[in-house]
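Peer 1: Have a look at the structure that comes next, please.
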Amino acid sequence: MSDTFHKSGSPAAIATEVASLSWLAGATDAGGAPVAELLTHDSGWLETRRLTPAPPSRDAARDFGRRLAMTHASGAEFFGVAPPGLKAADAVLAELPSPVVEEPTYDSWGAFFAALRLAPHMKDAQSAGHFDHGQADRVWKMVDRVADGDFDATQPGAVVDAQNDASPDGHQPLVARLHGDLWGGNVVWARQGSRAVGTLIDPSAHGGHAETDLAELAVFGSPHLEDTIAGYQEVSALADGWRERVPVHQLHMLLVHVVKFGEGYVPWAVGLTDGFV
């Protein structure tokens, strides 16, 4: 078996992944989560070092949580910023547009998340006829609440501490460096010696709220997720009420699935609004 992994995709998808891998890898030396090693690439393909899967232990999941916290704490300049070198027109997730901004545009996480992560996919899903009127009304009410800041919360502790150190005057918003598509399948538990190490693959990185990555890990499940959360909180305490906000952060990923795969995901997406609208 080759010791490299070859992946093909659209030029935009490859550009997104190349820039995202490089940006996330920049946090690894500072204690951030390991990232698949990018070896070479061209406009329609890339190669990374092949990872050998291994079953993760609870300790491995806890260590991954600690390191993911430090990836987030490496920070981003503003909400919606793309990784260095990625053109706004090329930013995609699962070959769907994943809008970014090239200068500070949004003063709050809610304004960013509603405008660039929820509304575009909701419009596409509705145009395709995936939602009936009542379902669409519920989701749009949720989007409006997000935009109004009803679910804005302080970033986890390590993000706050790192950015307060970098900007003591507090003039810059606290923004985390996100993987951006962190479902369980985008964490490879890679063998290193006798242990498994959670390693990030296939990112669509941007500046956002750290709770989004954590919430997305729970969408389809991740091994020993509660241990990952515990490890995360050892080094970066989550703000009060974070569990209640999980469905809000998951709505983006579910809308992406509605657009990509159709009406089968609609009940799940609409169900995330229960208790909020």
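Chains: A, B, ... in order of the structure tokens. Residues: from 1 per chain. Ligands: from 1, in order shown.
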DSSP on the backbone, alpha helix (DSSP H) only: what residues of segment 55-250 of chain A does that give? Format it as a PyMOL selection string.

Peer 2: chain A and resi 58-73+109-112+119-127+133-147+157-166+210-217+225-235+242-250

Peer 1: Can you list, as a list in words, every protein, DNA or RNA residue that comes within 12 Å of Ala125 of chain A when you count only C-alpha atoms, leaving out same-chain residues fewer than 5 positions away?

Peer 2: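 Non-adjacent residues within range: Leu96, Leu118, Ala119, Pro120, His130, Phe131, Asp132, Gln135, Ala136, Val139, Trp140, His252, Leu254, Leu255, Val256, His257, Val258, Val259, Lys260, Phe261, Gly262, Glu263, Tyr265, Val266 and Ala269 of chain A.
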
Peer 1: Hey, can you check how far atom CA of Gln126 of chain A sits from atom CA of Leu251 of chain A?

Peer 2: 14.7 Å

Peer 1: Write out as JSON, numbers by chain which residues come within 12 Å of Pro203 of chain A when counting only C-alpha atoms, dropping same-chain ones fewer than 5 positions away.

Peer 2: {"A": [13, 14, 15, 16, 17, 18, 19, 20, 21, 22, 23, 24, 25, 35, 36, 82, 83, 91, 92, 93, 94, 98, 177, 178, 179, 180, 181, 182, 183, 185, 186, 187, 213]}

Peer 1: Near Arg245 of chain A, counting only C-alpha atoms, which residues have an atom at most 10 Å away, once you skip same-chain residues fewer than 3 positions from it, shown as a list in words?

Peer 2: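 That gives Phe151, Asp152, Ala153, Glu211, Thr212, Ala215, Asp240, Gly241, Trp242, Val248, His249, Gln250 and Phe276 of chain A.
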
Peer 1: Please write the residues from the selection above to a file, keeping C-alpha atoms, as a PDB file, in the first residue's frame.

Peer 2:
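Result file follows (again_11.pdb):
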```pdb
ATOM      1  CA  PHE A 151     -27.459  32.483  21.213  1.00  0.00           C
ATOM      2  CA  ASP A 152     -24.247  34.495  21.310  1.00  0.00           C
ATOM      3  CA  ALA A 153     -21.970  33.279  24.081  1.00  0.00           C
ATOM      4  CA  GLU A 211     -18.871  25.573  20.059  1.00  0.00           C
ATOM      5  CA  THR A 212     -19.693  24.907  16.389  1.00  0.00           C
ATOM      6  CA  ALA A 215     -21.546  20.518  18.295  1.00  0.00           C
ATOM      7  CA  ASP A 240     -22.517  28.203  30.746  1.00  0.00           C
ATOM      8  CA  GLY A 241     -25.384  26.823  28.673  1.00  0.00           C
ATOM      9  CA  TRP A 242     -23.215  25.327  25.954  1.00  0.00           C
ATOM     10  CA  VAL A 248     -28.239  25.889  17.167  1.00  0.00           C
ATOM     11  CA  HIS A 249     -24.685  25.168  16.064  1.00  0.00           C
ATOM     12  CA  GLN A 250     -25.702  21.888  14.390  1.00  0.00           C
ATOM     13  CA  PHE A 276     -36.288  27.609  20.341  1.00  0.00           C
TER      14      PHE A 276
END
```

Peer 1: Go through A:Asp59, A:Ala210, A:Val277, A:Gln233 and flag the residue nearest Asp144 of chain A, using only C-alpha atoms for the distances.

Peer 2: A:Val277

Peer 1: Name the residues in contact with Ala147 of chain A at a cut-off of 6 Å, using only C-alpha atoms, excluding same-chain residues fewer than 4 positions from it; report them as a PDB file with all heavy atoms, in the first residue's frame.

Peer 2:
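The file below, result08.pdb, is the result:
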```
ATOM      1  N   GLY A 110     -23.475  35.583  16.044  1.00  0.00           N
ATOM      2  CA  GLY A 110     -24.806  35.325  15.525  1.00  0.00           C
ATOM      3  C   GLY A 110     -25.048  35.966  14.174  1.00  0.00           C
ATOM      4  O   GLY A 110     -25.629  35.356  13.271  1.00  0.00           O
ATOM      5  N   ALA A 111     -24.600  37.212  14.029  1.00  0.00           N
ATOM      6  CA  ALA A 111     -24.782  37.898  12.748  1.00  0.00           C
ATOM      7  C   ALA A 111     -24.044  37.174  11.639  1.00  0.00           C
ATOM      8  O   ALA A 111     -24.570  36.998  10.522  1.00  0.00           O
ATOM      9  CB  ALA A 111     -24.298  39.340  12.868  1.00  0.00           C
ATOM     10  N   ALA A 114     -25.720  33.447  11.012  1.00  0.00           N
ATOM     11  CA  ALA A 114     -27.001  33.521  10.304  1.00  0.00           C
ATOM     12  C   ALA A 114     -26.813  33.898   8.849  1.00  0.00           C
ATOM     13  O   ALA A 114     -27.420  33.296   7.951  1.00  0.00           O
ATOM     14  CB  ALA A 114     -27.920  34.526  11.000  1.00  0.00           C
TER      15      ALA A 114
END
```

Peer 1: Looking at only C-alpha atoms, which of A:Asn164, A:Ser2, A:Thr28, A:Ser43 is the one that sits closest to Thr199 of chain A?

Peer 2: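 Closest to Thr199 of chain A, using only C-alpha atoms: A:Thr28.
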
Peer 1: Run DSSP on the backbone and grab whatever in segment 146-240 of chain A lands in strand (DSSP E); send it over as a PyMOL selection string.

Peer 2: chain A and resi 176-178+187-192+195-200+206-208

Peer 1: Can you tell me, as a ChimeraX atom specification, what residues are no more than 8 Å from Phe79 of chain A when counting only C-alpha atoms, ignoring any on the same chain fewer than 5 positions away?

Peer 2: /A:104-109,112,175,206-208

Peer 1: Could you write out the selected residues, including N, CA, C and O atoms, as a short mmCIF file (atom, residue, chain, number, x, y, z; two decimals), in the first residue's frame?

Peer 2:
```
data_model
loop_
_atom_site.label_atom_id
_atom_site.label_comp_id
_atom_site.auth_asym_id
_atom_site.auth_seq_id
_atom_site.Cartn_x
_atom_site.Cartn_y
_atom_site.Cartn_z
N PRO A 104 -13.28 42.55 8.12
CA PRO A 104 -14.27 42.44 9.20
C PRO A 104 -15.63 42.99 8.78
O PRO A 104 -15.73 44.13 8.32
N THR A 105 -16.64 42.18 8.90
CA THR A 105 -17.99 42.54 8.45
C THR A 105 -19.02 42.37 9.56
O THR A 105 -19.98 43.14 9.62
N TYR A 106 -18.82 41.39 10.42
CA TYR A 106 -19.81 41.04 11.43
C TYR A 106 -19.22 41.27 12.83
O TYR A 106 -18.14 40.78 13.15
N ASP A 107 -19.97 41.98 13.65
CA ASP A 107 -19.52 42.29 15.01
C ASP A 107 -19.81 41.18 15.99
O ASP A 107 -19.32 41.21 17.13
N SER A 108 -20.62 40.21 15.60
CA SER A 108 -21.00 39.15 16.53
C SER A 108 -21.04 37.82 15.80
O SER A 108 -21.21 37.75 14.57
N TRP A 109 -20.93 36.74 16.60
CA TRP A 109 -21.02 35.42 16.01
C TRP A 109 -22.39 35.20 15.37
O TRP A 109 -22.49 34.67 14.25
N PHE A 112 -22.81 36.73 11.93
CA PHE A 112 -22.03 35.98 10.94
C PHE A 112 -22.69 34.65 10.61
O PHE A 112 -22.88 34.29 9.44
N VAL A 175 -12.48 35.32 18.37
CA VAL A 175 -12.84 34.44 17.26
C VAL A 175 -11.95 33.21 17.30
O VAL A 175 -10.73 33.32 17.45
N HIS A 206 -12.32 28.30 8.96
CA HIS A 206 -12.67 29.71 8.96
C HIS A 206 -12.69 30.20 10.41
O HIS A 206 -12.51 29.41 11.34
N GLY A 207 -12.91 31.48 10.59
CA GLY A 207 -13.05 32.04 11.91
C GLY A 207 -14.49 31.98 12.37
O GLY A 207 -15.39 32.42 11.66
N GLY A 208 -14.73 31.42 13.57
CA GLY A 208 -16.10 31.29 14.06
C GLY A 208 -16.13 31.09 15.55
O GLY A 208 -15.26 31.56 16.27
#
```

Peer 1: Excluding same-chain residues fewer than 4 positions from Pro99 of chain A, what lies within 8 Å of it counting only C-alpha atoms, as a list in words?

Peer 2: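 My reading of the contact set: Gly80, Ala88, Ala89, Ala91, Val92, Leu116 and Arg117 of chain A.
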
Peer 1: Can I get the selected residues back with C-alpha atoms, as a PDB file, in the first residue's frame?

Peer 2:
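selection.pdb, freshly written:
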```pdb
ATOM      1  CA  GLY A  80     -15.970  34.497   8.568  1.00  0.00           C
ATOM      2  CA  ALA A  88     -13.434  34.056  -1.144  1.00  0.00           C
ATOM      3  CA  ALA A  89     -14.853  32.692  -4.400  1.00  0.00           C
ATOM      4  CA  ALA A  91     -14.383  28.674  -0.269  1.00  0.00           C
ATOM      5  CA  VAL A  92     -16.554  25.557  -0.308  1.00  0.00           C
ATOM      6  CA  LEU A 116     -23.051  33.136   5.970  1.00  0.00           C
ATOM      7  CA  ARG A 117     -23.779  29.670   7.372  1.00  0.00           C
TER       8      ARG A 117
END
```

Peer 1: Which residue gives the smallest distance to Leu38 of chain A among A:His224, A:His209, A:Arg191, A:His6, with only C-alpha atoms counted?

Peer 2: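 Among the listed residues, A:His6 lies closest to Leu38 of chain A.
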
Peer 1: Using only C-alpha atoms, pick whichever of A:Val143, A:Ala33, A:Val101, A:Val160 has the shortest atom-to-atom distance to Leu68 of chain A.

Peer 2: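 Closest residue, counting only C-alpha atoms: A:Ala33.
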
Peer 1: Point out the residue among A:Ser8, A:Thr71, A:Gln155, A:Ser57 with the least atom-to-atom distance to Ala205 of chain A, counting only C-alpha atoms.

Peer 2: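 Looking only at the distances to Ala205 of chain A, the closest residue turns out to be A:Thr71.
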
Peer 1: With only C-alpha atoms as the atoms that count, which of A:Gly221, A:Thr273, A:Val81, A:Gly231 lies nearest to Ser204 of chain A?

Peer 2: A:Val81
